[in-house]
Amino acid sequence: METPDEQRRPSAPEPPAEVVHQSGGSGGNDPLASLRLPGFRLYLLGSLFSGAGNQMRTVAVGWEVYQRTQTPLSLGMIGLVLALPVLLLALPAGAAADRYPRKTLILISQVGLALSGLGLAWVSFTDGPIPLTYAFLLGTGIFRAIGWPASQAIVTGLVPTRVFANATMWRSVAFQLSATLGPLAGGVLLATSGAGVVYLADAASSVVLFVCLLFITPTPQARSVEKRSWASVIEGARFVRRQPVILSTITLDMVAVLFGGAVALLPVYATDVLGVGATGFGWMRAMPSLGAITMGLALALLPPMRKAGRAMLVAVAAFGLATIVFGLSTSYPLSLMALFCIGAADNVSVVVRSTVLQLLTPDSMRGRVAAVNAVFIGTSNEIGELESGVVASLIGSVATVALGGVLTLVTVGAAALIWPPLRRLGALEDLEPPADGEDAPSTPLRL
């Protein structure tokens, strides 16, 4: 008979013997530990294609809307229509991810994203009104909100706990690889075939992930059996509030991206500041991801971080400094280098935050906690785009980006003072959910 603690924390799938030996304990560090698991490997491949399509769409939408409107505020509106559905739907979607099969929710979201991509292509091919573009982007935001918490929480059903940090690193590398190939391919297609073809490629990428998911069988998740109520939906937020390490990493990452994000104004820099055209814009959009990939590979080859909290603080500070350099630069090579450094620094923050979020959260709470992460981190890019567009329309693009970098540095200092547990955070692989009596959620579970 299972004890309550065993019910609260179901075991992750056991890896093959060679993975156990090479990824933990005395076996040393295996940079390919999570990639040896076929389910995770297939999910990573599908996510790579889907992410590349998403990045291609981002390039095409930003370029097409700015060329048709010539106003930075129109770029900010893109962020608004993508962020609103996440703000409104992420918490209910997180509760659903703890109650229903996560794979099913992701499949539904991919169908919706594919249909939204087809809608964007139709508007582009027919030169439809800009409001219709925003309408189909709203659909993209809705289906992204539905699938986001489940897509984050499902990974714990594909890899064992001991290699989760390694899986997080490879997910980050795959995301950044897609964010590199996507803008480059999107820029080329945009210049040669137009935005409509880019949107069709985005729709096809969602189909690829859908097919990959059909061949993946995650281990059974621990499901919440709470009575359906608003209190159950917001339990993830209550859990995050009680965990200072999770709260501090989410807050630091969110505020840094919110104020330090220069990506939203790249079309303005490519057109008005640097004058490099659509192809040059594609390279600018890809450089942060190239930096993140480089850093991700370095993290895979180097020994695991022993002082993860300090590493995150230093990385976010570097993110802010590089943002200031980019904002003030009028040199295309220097701007590319600054964007590269922005991506490299951001990757460290992403790996630390994502690993902390998953390993400190019980499985039955992972959907709801991922939803909180989606609300604050997932929308910070889009809300940051809105903030950048509004502020740039008032004080100019250069001043907006540089000021964002300064505010990021201020955020780092504040976080270091407010949350001492973040400064003391050590090895990520030692993390585990809180035991009973240590602010663990009181959610009853059913396997």
# chains A, B, ... in the order shown; residues from 1 in each chain; ligands from 1
$ select_by_dssp --residues "range 199-399 of chain A" --states "helix (DSSP H, G or I)" --output "ChimeraX atom specification"
/A:199-214,230-233,235-242,244-260,263-273,277-301,308-328,332-359,363-378,380-395,397-399
$ closest_atom_pairs --of "range 126-228 of chain A" --to "range 75-86 of chain A" --cutoff "8 Å" --atoms "only C-alpha atoms" --output "tab-separated table"
residue	atom	partner	partner_atom	distance
A:Tyr134	CA	A:Val81	CA	6.7
A:Ala135	CA	A:Val81	CA	8.0
A:Leu137	CA	A:Leu82	CA	6.3
A:Leu138	CA	A:Val81	CA	5.1
A:Thr140	CA	A:Leu82	CA	7.0
A:Gly141	CA	A:Leu82	CA	4.5
A:Ile142	CA	A:Pro85	CA	5.0
A:Arg144	CA	A:Val86	CA	7.5
A:Ala145	CA	A:Val86	CA	4.8
$ residues_around --residues "Asp272 in chain A" --least-positions-apart "2" --cutoff "12 Å" --atoms "only C-alpha atoms" --output "list in words"
Tyr66, Gln67, Gln70, Thr71, Pro72, Leu265, Leu266, Pro267, Val268, Tyr269, Ala270, Leu274, Gly275, Val276, Gly277, Phe281, Thr330, Gly396, Ser397 and Val398 of chain A
$ closest_residue --among "A:Val245, A:Leu357, A:Leu336, A:Val65" --to "Ile418 in chain A" --atoms "only C-alpha atoms"
A:Val245
$ closest_residue --among "A:Arg242, A:Arg285, A:Arg162, A:Arg99" --to "Trp63 in chain A" --atoms "only C-alpha atoms"
A:Arg285
$ closest_residue --among "A:Ala93, A:Gly236, A:Leu88, A:Pro218" --to "Ser364 in chain A" --atoms "only C-alpha atoms"
A:Gly236
$ closest_residue --among "A:Thr69, A:Thr192, A:Asn166, A:Gln152" --to "Pro131 in chain A" --atoms "only C-alpha atoms"
A:Thr69
$ closest_residue --among "A:Met56, A:Ala33, A:Ile293, A:Ile130" --to "Leu190 in chain A" --atoms "only C-alpha atoms"
A:Met56
$ decode --residues "range 17-160 of chain A" --atoms "C-alpha atoms" --output "compact mmCIF listing (two decimals), in the first residue's frame"
# COMPACT_ATOMS: atom_id res chain seq x y z
CA ALA A 17 21.32 1.62 -17.04
CA GLU A 18 23.85 3.61 -19.03
CA VAL A 19 21.93 6.82 -18.31
CA VAL A 20 21.86 6.11 -14.58
CA HIS A 21 25.56 5.44 -14.59
CA GLN A 22 26.57 8.48 -16.61
CA SER A 23 24.22 11.12 -15.28
CA GLY A 24 24.30 10.91 -11.53
CA GLY A 25 26.19 9.91 -8.46
CA SER A 26 29.64 8.57 -9.05
CA GLY A 27 29.00 8.02 -12.73
CA GLY A 28 30.04 11.55 -13.65
CA ASN A 29 28.37 14.06 -15.93
CA ASP A 30 26.81 12.82 -19.20
CA PRO A 31 25.91 15.76 -21.48
CA LEU A 32 23.62 13.48 -23.55
CA ALA A 33 21.79 11.83 -20.63
CA SER A 34 18.26 13.01 -21.47
CA LEU A 35 18.76 12.57 -25.22
CA ARG A 36 19.21 8.83 -24.68
CA LEU A 37 15.50 8.61 -23.82
CA PRO A 38 13.46 8.13 -27.04
CA GLY A 39 10.24 9.76 -25.82
CA PHE A 40 12.00 12.94 -24.78
CA ARG A 41 14.09 12.92 -27.96
CA LEU A 42 10.99 12.78 -30.18
CA TYR A 43 9.22 15.48 -28.16
CA LEU A 44 12.30 17.66 -28.46
CA LEU A 45 12.37 17.17 -32.23
CA GLY A 46 8.71 18.12 -32.61
CA SER A 47 9.20 21.14 -30.34
CA LEU A 48 12.17 22.20 -32.46
CA PHE A 49 10.03 22.33 -35.60
CA SER A 50 7.11 23.99 -33.84
CA GLY A 51 9.38 26.58 -32.24
CA ALA A 52 11.04 27.37 -35.57
CA GLY A 53 7.63 27.95 -37.14
CA ASN A 54 6.65 30.22 -34.25
CA GLN A 55 9.80 32.28 -34.72
CA MET A 56 9.23 32.50 -38.45
CA ARG A 57 5.74 33.83 -37.79
CA THR A 58 7.12 36.37 -35.32
CA VAL A 59 9.55 37.70 -37.93
CA ALA A 60 6.89 37.92 -40.63
CA VAL A 61 4.23 39.54 -38.46
CA GLY A 62 6.57 42.18 -37.05
CA TRP A 63 7.95 43.05 -40.46
CA GLU A 64 4.62 43.04 -42.31
CA VAL A 65 2.75 45.07 -39.70
CA TYR A 66 5.51 47.69 -39.42
CA GLN A 67 5.84 48.03 -43.20
CA ARG A 68 2.09 48.59 -43.49
CA THR A 69 1.66 50.93 -40.51
CA GLN A 70 5.09 52.55 -39.96
CA THR A 71 4.37 53.02 -36.25
CA PRO A 72 6.19 51.41 -33.29
CA LEU A 73 2.86 51.27 -31.42
CA SER A 74 1.55 48.76 -33.96
CA LEU A 75 4.38 46.43 -32.93
CA GLY A 76 3.35 46.82 -29.32
CA MET A 77 -0.19 45.83 -30.23
CA ILE A 78 1.14 42.49 -31.50
CA GLY A 79 2.46 41.78 -28.01
CA LEU A 80 -0.86 42.82 -26.46
CA VAL A 81 -3.06 40.44 -28.48
CA LEU A 82 -0.66 37.55 -27.83
CA ALA A 83 -0.38 38.25 -24.10
CA LEU A 84 -4.03 38.82 -23.22
CA PRO A 85 -5.16 35.20 -23.76
CA VAL A 86 -2.29 33.92 -21.64
CA LEU A 87 -3.17 36.31 -18.83
CA LEU A 88 -6.83 35.24 -18.93
CA LEU A 89 -6.55 31.53 -19.69
CA ALA A 90 -3.21 30.29 -18.35
CA LEU A 91 -4.40 29.58 -14.79
CA PRO A 92 -7.47 27.58 -15.89
CA ALA A 93 -5.28 25.79 -18.45
CA GLY A 94 -2.80 24.96 -15.71
CA ALA A 95 -5.57 23.47 -13.58
CA ALA A 96 -6.68 21.44 -16.60
CA ALA A 97 -3.11 20.19 -17.08
CA ASP A 98 -3.17 18.80 -13.52
CA ARG A 99 -6.58 17.18 -14.02
CA TYR A 100 -6.58 15.90 -17.62
CA PRO A 101 -3.96 14.18 -19.82
CA ARG A 102 -1.34 16.75 -20.72
CA LYS A 103 -0.65 15.16 -24.07
CA THR A 104 -4.27 15.67 -25.14
CA LEU A 105 -4.19 19.36 -24.24
CA ILE A 106 -1.02 19.86 -26.27
CA LEU A 107 -2.58 18.09 -29.27
CA ILE A 108 -5.61 20.39 -29.11
CA SER A 109 -3.39 23.46 -28.93
CA GLN A 110 -1.39 22.41 -32.00
CA VAL A 111 -4.54 22.03 -34.08
CA GLY A 112 -5.63 25.53 -33.08
CA LEU A 113 -2.21 27.01 -33.79
CA ALA A 114 -2.17 25.43 -37.25
CA LEU A 115 -5.60 26.90 -38.05
CA SER A 116 -4.50 30.34 -36.80
CA GLY A 117 -1.44 30.16 -39.07
CA LEU A 118 -3.66 29.39 -42.05
CA GLY A 119 -5.80 32.42 -41.16
CA LEU A 120 -2.78 34.70 -41.06
CA ALA A 121 -1.69 33.38 -44.47
CA TRP A 122 -5.14 34.11 -45.92
CA VAL A 123 -5.07 37.70 -44.65
CA SER A 124 -1.59 38.22 -46.06
CA PHE A 125 -2.33 36.74 -49.48
CA THR A 126 -5.52 38.81 -49.84
CA ASP A 127 -4.06 42.03 -48.37
CA GLY A 128 -6.77 41.94 -45.73
CA PRO A 129 -7.11 44.66 -43.09
CA ILE A 130 -4.61 44.78 -40.23
CA PRO A 131 -7.35 44.17 -37.61
CA LEU A 132 -7.83 40.68 -39.11
CA THR A 133 -4.12 40.01 -38.60
CA TYR A 134 -4.53 40.92 -34.95
CA ALA A 135 -7.64 38.70 -34.75
CA PHE A 136 -5.77 35.60 -35.93
CA LEU A 137 -2.85 36.48 -33.65
CA LEU A 138 -5.41 36.51 -30.83
CA GLY A 139 -6.33 32.96 -31.85
CA THR A 140 -2.65 32.05 -31.72
CA GLY A 141 -2.47 33.44 -28.20
CA ILE A 142 -5.58 31.51 -27.10
CA PHE A 143 -4.34 28.12 -28.25
CA ARG A 144 -0.84 28.81 -27.00
CA ALA A 145 -2.34 29.54 -23.56
CA ILE A 146 -4.28 26.26 -23.65
CA GLY A 147 -1.22 24.14 -24.35
CA TRP A 148 1.56 26.00 -22.60
CA PRO A 149 1.24 24.66 -19.01
CA ALA A 150 0.82 21.10 -20.26
CA SER A 151 3.82 21.38 -22.58
CA GLN A 152 6.01 22.44 -19.68
CA ALA A 153 4.69 19.87 -17.20
CA ILE A 154 4.77 16.88 -19.54
CA VAL A 155 8.58 16.74 -19.55
CA THR A 156 8.66 15.20 -16.06
CA GLY A 157 6.77 12.26 -17.56
CA LEU A 158 9.48 11.77 -20.18
CA VAL A 159 12.70 11.93 -18.14
CA PRO A 160 13.80 10.87 -14.64
